[in-house]
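Right, one structure below, let's go through it.
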Amino acid sequence: MSGFDKRWLDLREIADHASRDRDLRRQVIDHVMPAGEGALVVDLGAGTGSTFRALSPEALHWRWRLVDNDPLLLAEARNRHGQSARIECVEAQLSDPAVDLLSGARLITASALFDLVSEEFLVRLLAQVVQTEAGLYAAMNYDGVCRWDTSHPMDEEVVAAFNAHQIQDKGFGPALGPIAAPVLRALLEEQGFKVTMEPSPWRLDRSHAELQRQFVSGMATAAAETGLLAETDINSWRLARLERAENSGCLVGHWDLFAVR
């Protein structure tokens with residue numbers, strides 16, 4: 001996704017891979033495997049290929065179409081996996097994906113994407129997904145929950161401001177933010193999909209100190225942009241949280257979802 005640098009994506013990938021629901025991951029693999037080595041997986045908002053790595057080693061036997069609107073991230077994906085003839089990198093506008101991008105897919109995936117999009121975008125996308133008869137695996141959808149082991153008086157206010165920022169337009173219309181997973185589930189069920197949804201929260205500890213620092217800094221910036229809190233209060237919170245990153249754990253809520261017809 002445009003707007004995210006590979007350093008941030010690499011940091012969060014460690015937490016993402018540890019947090020993905022394992023039973024759901026197994027269901028996804030079991031869905032693709034019967035289609036054989038020619039099975040096509042289309043990954044929307046692929047970045048540097050994190051979902052491909054999350055589903056490996058099984059993913060090595062499938063064909064992958066990594067789709068993103070950020071040429072720098074796709075270039076990194078090529079650098080990491082370009083030696084594989086089974087991986088195709090496609091630069092495209094994610095806000096209006098062409099039908100042929102999804103054509104022939106056995107599985108369509110998106111990680112940490114659907115909380116950035118609007119309900120209207122999901123309706124349009126699902127109309128295309130139905131035409132492919134593919135399964136949909138949507139992982140790491142943020143749900144608005146963020147709790148630290150050691151509390152700070154400003155935690156709830158900053159998280160609330162951050163969540164308000166999450167529903168602003170991210171290029172796909174008014175974003176769903178924390179309600180993305182249940183909205184997506186309802187839309188899929190309306191289309192006759194059988195949907196399984198499982199929690200996949202980040203559980204960050206001192207080994208994730210740099211990720212915690214990056215996350216706190218990003219949260220503070222986003223909260224400040226809403227204008228809901230005084231900048232001095234946000235800066236005080238940010239500095240306190242950065243100082244505690246080596247010693248305080250953090251839980252950040254996400255949901256994984258898998259749907260088949």
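Scheme for the structure tokens: letters A, B, ... for chains in order shown; per-chain residue numbers from 1; ligand numbers from 1 in order shown.
For A:Asp5, the set of protein, DNA and RNA residues having any atom at most 10 Å away, when counting only C-alpha atoms and skipping those fewer than 6 positions along the same chain, is A:Gly47, A:Thr48, A:Asp70, A:Leu72, A:Leu73.
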For this session: Just the strand (DSSP E) stuff from stretch 63-201 of chain A, please, per backbone DSSP, written as a ChimeraX atom specification.
Result: /A:63-68,87-91,107-111,135-148,194-199
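With only C-alpha atoms as the atoms that count, the residue of A:Pro71, A:Gly45, A:Pro34, A:Gly227 with the shortest distance to A:Glu58 is A:Pro34.
In this comparison, which uses only C-alpha atoms, the residue of A:Leu60, A:Met154, A:Leu101, A:Leu107 approaching A:Leu40 most closely is A:Leu107.
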Within 12 Å of stretch 167-176 of chain A, which residues of stretch 79-119 of chain A show up? Give each one with its shortest atom-to-atom distance in Å (one decimal) and the two atoms involved, counting only C-alpha atoms, rows by chain then rising residue number, as JSON lines.
```
{"residue": "A:Gln93", "atom": "CA", "partner": "A:Gly171", "partner_atom": "CA", "distance": 10.2}
{"residue": "A:Leu94", "atom": "CA", "partner": "A:Phe172", "partner_atom": "CA", "distance": 8.4}
{"residue": "A:Ser95", "atom": "CA", "partner": "A:Phe172", "partner_atom": "CA", "distance": 5.5}
{"residue": "A:Asp96", "atom": "CA", "partner": "A:Phe172", "partner_atom": "CA", "distance": 8.6}
{"residue": "A:Pro97", "atom": "CA", "partner": "A:Phe172", "partner_atom": "CA", "distance": 11.4}
{"residue": "A:Leu113", "atom": "CA", "partner": "A:Ala175", "partner_atom": "CA", "distance": 10.3}
{"residue": "A:Phe114", "atom": "CA", "partner": "A:Leu176", "partner_atom": "CA", "distance": 7.6}
{"residue": "A:Asp115", "atom": "CA", "partner": "A:Leu176", "partner_atom": "CA", "distance": 5.4}
{"residue": "A:Leu116", "atom": "CA", "partner": "A:Ala175", "partner_atom": "CA", "distance": 5.1}
{"residue": "A:Val117", "atom": "CA", "partner": "A:Ala175", "partner_atom": "CA", "distance": 4.6}
{"residue": "A:Ser118", "atom": "CA", "partner": "A:Ala175", "partner_atom": "CA", "distance": 4.5}
{"residue": "A:Glu119", "atom": "CA", "partner": "A:Leu176", "partner_atom": "CA", "distance": 6.6}
```
Take the residues from that selection and write them out as a compact mmCIF listing (two decimals), in the first residue's frame, keeping all heavy atoms.
```txt
# COMPACT_ATOMS: atom_id res chain seq x y z
N GLN A 93 -4.14 0.57 -9.49
CA GLN A 93 -4.87 1.37 -8.52
C GLN A 93 -5.81 0.48 -7.73
O GLN A 93 -6.77 -0.08 -8.26
CB GLN A 93 -5.66 2.47 -9.23
CG GLN A 93 -4.80 3.61 -9.75
CD GLN A 93 -4.02 4.29 -8.64
OE1 GLN A 93 -4.54 4.54 -7.54
NE2 GLN A 93 -2.76 4.59 -8.91
N LEU A 94 -5.54 0.35 -6.45
CA LEU A 94 -6.35 -0.54 -5.62
C LEU A 94 -7.75 0.01 -5.38
O LEU A 94 -8.67 -0.75 -5.07
CB LEU A 94 -5.66 -0.75 -4.28
CG LEU A 94 -4.33 -1.52 -4.33
CD1 LEU A 94 -3.69 -1.51 -2.95
CD2 LEU A 94 -4.54 -2.93 -4.81
N SER A 95 -7.92 1.32 -5.53
CA SER A 95 -9.24 1.90 -5.28
C SER A 95 -10.27 1.47 -6.31
O SER A 95 -11.47 1.56 -6.06
CB SER A 95 -9.14 3.43 -5.26
OG SER A 95 -8.61 3.91 -6.48
N ASP A 96 -9.82 0.97 -7.44
CA ASP A 96 -10.75 0.51 -8.48
C ASP A 96 -10.10 -0.63 -9.26
O ASP A 96 -9.74 -0.47 -10.43
CB ASP A 96 -11.11 1.65 -9.42
CG ASP A 96 -12.24 1.29 -10.38
OD1 ASP A 96 -13.00 0.34 -10.07
OD2 ASP A 96 -12.36 1.93 -11.44
N PRO A 97 -9.92 -1.79 -8.63
CA PRO A 97 -9.21 -2.88 -9.30
C PRO A 97 -9.96 -3.40 -10.51
O PRO A 97 -11.18 -3.57 -10.48
CB PRO A 97 -9.11 -3.96 -8.21
CG PRO A 97 -10.23 -3.65 -7.27
CD PRO A 97 -10.38 -2.16 -7.29
N LEU A 113 -5.63 -4.31 5.05
CA LEU A 113 -6.13 -3.44 3.99
C LEU A 113 -7.56 -2.99 4.22
O LEU A 113 -7.87 -1.80 4.08
CB LEU A 113 -6.04 -4.15 2.63
CG LEU A 113 -6.68 -3.42 1.44
CD1 LEU A 113 -5.97 -2.09 1.17
CD2 LEU A 113 -6.67 -4.31 0.19
N PHE A 114 -8.44 -3.90 4.58
CA PHE A 114 -9.86 -3.58 4.54
C PHE A 114 -10.31 -2.62 5.63
O PHE A 114 -11.40 -2.05 5.53
CB PHE A 114 -10.70 -4.86 4.56
CG PHE A 114 -10.61 -5.64 3.27
CD1 PHE A 114 -10.75 -7.01 3.27
CD2 PHE A 114 -10.38 -5.00 2.07
CE1 PHE A 114 -10.68 -7.74 2.08
CE2 PHE A 114 -10.31 -5.70 0.88
CZ PHE A 114 -10.46 -7.07 0.89
N ASP A 115 -9.51 -2.41 6.67
CA ASP A 115 -9.87 -1.37 7.63
C ASP A 115 -9.57 0.03 7.09
O ASP A 115 -9.94 1.03 7.70
CB ASP A 115 -9.18 -1.59 8.99
CG ASP A 115 -7.70 -1.88 8.88
OD1 ASP A 115 -7.09 -1.49 7.87
OD2 ASP A 115 -7.15 -2.52 9.80
N LEU A 116 -8.91 0.10 5.93
CA LEU A 116 -8.61 1.39 5.29
C LEU A 116 -9.63 1.77 4.22
O LEU A 116 -9.57 2.87 3.67
CB LEU A 116 -7.22 1.34 4.64
CG LEU A 116 -6.04 0.96 5.54
CD1 LEU A 116 -4.76 0.91 4.72
CD2 LEU A 116 -5.90 1.94 6.70
N VAL A 117 -10.55 0.87 3.90
CA VAL A 117 -11.46 1.09 2.77
C VAL A 117 -12.87 1.38 3.26
O VAL A 117 -13.21 1.18 4.42
CB VAL A 117 -11.45 -0.12 1.81
CG1 VAL A 117 -10.03 -0.51 1.44
CG2 VAL A 117 -12.19 -1.31 2.42
N SER A 118 -13.70 1.80 2.32
CA SER A 118 -15.09 2.12 2.63
C SER A 118 -16.00 0.91 2.40
O SER A 118 -15.62 -0.04 1.71
CB SER A 118 -15.57 3.28 1.76
OG SER A 118 -15.58 2.87 0.39
N GLU A 119 -17.20 0.99 2.92
CA GLU A 119 -18.17 -0.07 2.66
C GLU A 119 -18.52 -0.11 1.17
O GLU A 119 -18.69 -1.19 0.60
CB GLU A 119 -19.44 0.15 3.49
CG GLU A 119 -20.47 -0.95 3.31
CD GLU A 119 -21.64 -0.83 4.28
OE1 GLU A 119 -21.61 0.05 5.16
OE2 GLU A 119 -22.59 -1.64 4.16
```
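The shortest atom-to-atom distance to A:Leu239, with only C-alpha atoms taken into account, belongs to A:Val216 out of A:Ala110, A:Val216, A:Ala35, A:Leu136.
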Can you check which parts of stretch 108-210 of chain A lie within 10 Å of stretch 6-28 of chain A? Per residue, the shortest pair of atoms and distance in Å to one decimal, counting only C-alpha atoms, sorted by chain and number, as a Markdown table.
```
| residue | atom | partner | partner_atom | distance |
| --- | --- | --- | --- | --- |
| A:Thr109 | CA | A:Val28 | CA | 9.9 |
| A:Ser111 | CA | A:Asp16 | CA | 9.1 |
| A:Ala112 | CA | A:Asp16 | CA | 9.2 |
| A:Gly135 | CA | A:Val28 | CA | 8.2 |
| A:Leu136 | CA | A:Val28 | CA | 8.7 |
| A:Tyr137 | CA | A:Val28 | CA | 7.1 |
| A:Ala139 | CA | A:Arg20 | CA | 7.1 |
| A:Met140 | CA | A:Asp16 | CA | 7.0 |
| A:Thr196 | CA | A:Leu24 | CA | 7.7 |
| A:Met197 | CA | A:Leu24 | CA | 8.0 |
| A:Glu198 | CA | A:Asp21 | CA | 6.5 |
| A:Pro199 | CA | A:Asp21 | CA | 6.9 |
| A:Ser200 | CA | A:Ser19 | CA | 5.0 |
| A:Pro201 | CA | A:Ser19 | CA | 5.8 |
| A:Trp202 | CA | A:Ser19 | CA | 5.7 |
| A:Arg203 | CA | A:Ser19 | CA | 7.6 |
| A:Leu204 | CA | A:Ala15 | CA | 7.4 |
| A:His208 | CA | A:Ala15 | CA | 8.0 |
| A:Ala209 | CA | A:Leu11 | CA | 10.0 |
| A:Glu210 | CA | A:Leu11 | CA | 7.6 |
```
Write the residues you've just listed into a file as a PDB file, in the first residue's frame, and include N, CA and C atoms for each of them.
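Here's the written file selection03.pdb:
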```pdb
ATOM      1  N   THR A 109      -6.543 -12.540  -1.466  1.00  0.00           N
ATOM      2  CA  THR A 109      -6.103 -12.194  -0.117  1.00  0.00           C
ATOM      3  C   THR A 109      -5.904 -10.690   0.011  1.00  0.00           C
ATOM      4  N   SER A 111      -4.202  -8.232   3.386  1.00  0.00           N
ATOM      5  CA  SER A 111      -3.775  -8.158   4.784  1.00  0.00           C
ATOM      6  C   SER A 111      -3.625  -6.702   5.196  1.00  0.00           C
ATOM      7  N   ALA A 112      -4.231  -6.342   6.334  1.00  0.00           N
ATOM      8  CA  ALA A 112      -4.161  -4.977   6.867  1.00  0.00           C
ATOM      9  C   ALA A 112      -4.601  -3.966   5.814  1.00  0.00           C
ATOM     10  N   GLY A 135     -12.141 -18.016  -3.008  1.00  0.00           N
ATOM     11  CA  GLY A 135     -12.238 -17.766  -1.587  1.00  0.00           C
ATOM     12  C   GLY A 135     -11.592 -16.426  -1.267  1.00  0.00           C
ATOM     13  N   LEU A 136     -11.959 -15.834  -0.143  1.00  0.00           N
ATOM     14  CA  LEU A 136     -11.396 -14.550   0.277  1.00  0.00           C
ATOM     15  C   LEU A 136     -10.777 -14.701   1.658  1.00  0.00           C
ATOM     16  N   TYR A 137      -9.507 -14.359   1.764  1.00  0.00           N
ATOM     17  CA  TYR A 137      -8.782 -14.412   3.038  1.00  0.00           C
ATOM     18  C   TYR A 137      -8.340 -12.997   3.379  1.00  0.00           C
ATOM     19  N   ALA A 139      -6.856 -10.790   6.354  1.00  0.00           N
ATOM     20  CA  ALA A 139      -6.185 -10.924   7.652  1.00  0.00           C
ATOM     21  C   ALA A 139      -5.807  -9.565   8.228  1.00  0.00           C
ATOM     22  N   MET A 140      -5.613  -9.543   9.535  1.00  0.00           N
ATOM     23  CA  MET A 140      -5.076  -8.408  10.258  1.00  0.00           C
ATOM     24  C   MET A 140      -5.899  -7.131  10.067  1.00  0.00           C
ATOM     25  N   THR A 196     -15.780 -17.542   8.233  1.00  0.00           N
ATOM     26  CA  THR A 196     -15.173 -17.836   9.530  1.00  0.00           C
ATOM     27  C   THR A 196     -14.313 -16.640   9.926  1.00  0.00           C
ATOM     28  N   MET A 197     -14.503 -16.152  11.139  1.00  0.00           N
ATOM     29  CA  MET A 197     -13.757 -14.991  11.615  1.00  0.00           C
ATOM     30  C   MET A 197     -13.149 -15.305  12.977  1.00  0.00           C
ATOM     31  N   GLU A 198     -11.868 -15.050  13.120  1.00  0.00           N
ATOM     32  CA  GLU A 198     -11.164 -15.354  14.367  1.00  0.00           C
ATOM     33  C   GLU A 198     -10.279 -14.172  14.776  1.00  0.00           C
ATOM     34  N   PRO A 199     -10.123 -13.944  16.087  1.00  0.00           N
ATOM     35  CA  PRO A 199      -9.254 -12.850  16.542  1.00  0.00           C
ATOM     36  C   PRO A 199      -7.790 -13.148  16.239  1.00  0.00           C
ATOM     37  N   SER A 200      -7.045 -12.103  15.930  1.00  0.00           N
ATOM     38  CA  SER A 200      -5.614 -12.249  15.657  1.00  0.00           C
ATOM     39  C   SER A 200      -4.856 -11.042  16.222  1.00  0.00           C
ATOM     40  N   PRO A 201      -4.956 -10.819  17.531  1.00  0.00           N
ATOM     41  CA  PRO A 201      -4.361  -9.611  18.108  1.00  0.00           C
ATOM     42  C   PRO A 201      -2.834  -9.663  18.146  1.00  0.00           C
ATOM     43  N   TRP A 202      -2.241  -8.496  17.937  1.00  0.00           N
ATOM     44  CA  TRP A 202      -0.821  -8.363  18.257  1.00  0.00           C
ATOM     45  C   TRP A 202      -0.679  -8.473  19.776  1.00  0.00           C
ATOM     46  N   ARG A 203       0.311  -9.225  20.206  1.00  0.00           N
ATOM     47  CA  ARG A 203       0.685  -9.258  21.622  1.00  0.00           C
ATOM     48  C   ARG A 203       2.162  -8.881  21.678  1.00  0.00           C
ATOM     49  N   LEU A 204       2.400  -7.593  21.850  1.00  0.00           N
ATOM     50  CA  LEU A 204       3.749  -7.057  21.760  1.00  0.00           C
ATOM     51  C   LEU A 204       4.410  -7.028  23.132  1.00  0.00           C
ATOM     52  N   HIS A 208       9.513  -6.570  20.845  1.00  0.00           N
ATOM     53  CA  HIS A 208       8.934  -5.763  19.774  1.00  0.00           C
ATOM     54  C   HIS A 208       9.086  -4.270  20.078  1.00  0.00           C
ATOM     55  N   ALA A 209      10.110  -3.905  20.818  1.00  0.00           N
ATOM     56  CA  ALA A 209      10.238  -2.516  21.284  1.00  0.00           C
ATOM     57  C   ALA A 209      10.247  -1.522  20.129  1.00  0.00           C
ATOM     58  N   GLU A 210      10.965  -1.828  19.047  1.00  0.00           N
ATOM     59  CA  GLU A 210      11.031  -0.882  17.934  1.00  0.00           C
ATOM     60  C   GLU A 210       9.674  -0.769  17.247  1.00  0.00           C
TER      61      GLU A 210
END
```
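Atom CA of A:Thr132 sits 13.9 Å away from atom CA of A:Gly192.
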Exercise. What gap, in Å, lies between atom CA of A:Gln166 and atom CA of A:Leu251?
Worked result: 17.5 Å
Counting only C-alpha atoms, what are the residues of stretch 111-164 of chain A within 7 Å of stretch 252-257 of chain A, and for each of them which pair of atoms is the nearest and at what distance in Å, to one decimal? Sort the table by chain and rising number, as CSV.
```
residue,atom,partner,partner_atom,distance
A:Tyr137,CA,A:Leu257,CA,5.8
A:Ala138,CA,A:Leu257,CA,5.1
A:Ala139,CA,A:Asp256,CA,4.2
A:Met140,CA,A:His254,CA,5.2
A:Asn141,CA,A:His254,CA,4.9
A:Tyr142,CA,A:His254,CA,4.3
A:Asp143,CA,A:His254,CA,5.3
A:Gly144,CA,A:Gly253,CA,6.5
A:Val145,CA,A:Gly253,CA,4.9
A:Cys146,CA,A:Val252,CA,4.5
A:Arg147,CA,A:Val252,CA,6.7
```
For this session: Please provide the set of residues having any atom within 8 Å of A:Leu102, restricted to only C-alpha atoms, with same-chain residues fewer than 4 positions apart removed, written as number ranges by chain.
Result: A: 42, 98, 108, 128-129, 132
For this session: Based on DSSP run over this structure's backbone, return all residues of stretch 86-161 of chain A in alpha helix (DSSP H), as a PyMOL selection string.
Result: chain A and resi 99-102+119-132+155-161
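Take the candidates A:Ile179, A:Leu126, A:Ile87, A:Val158 and check each one against A:Arg238 using only C-alpha atoms; the shortest distance goes to A:Val158.
Distance-wise, atom CA of A:Asp68 and atom CA of A:Gly218 end up 21.9 Å apart.
For the choices A:Ala164, A:Cys89, A:Val195, A:Leu187, the atom-to-atom distance to A:Met219 is smallest for A:Ala164 when using only C-alpha atoms.
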Would you mind listing what lies within 9 Å of A:Glu225 as a tab-separated table (two decimals) with C-alpha atoms, in the first residue's frame, with only C-alpha atoms counted and same-chain residues fewer than 6 positions away left out?
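Output (selection.tsv):
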```
chain	number	residue	atom	x	y	z
A	161	ALA	CA	-8.65	9.99	18.66
A	162	PHE	CA	-6.60	7.47	16.69
A	165	HIS	CA	-8.56	9.13	12.38
```
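Excluding A:Ala224 itself and same-chain residues fewer than 6 positions from it, the residues having an atom within 8 Å of it are Ala161, Ala230, Glu231 and Ile234 of chain A, counting only C-alpha atoms.
Each of A:Ala223, A:Thr150, A:Asn163, A:Glu189 was compared to A:Glu246 using only C-alpha atoms, and A:Thr150 turns out to be the nearest.
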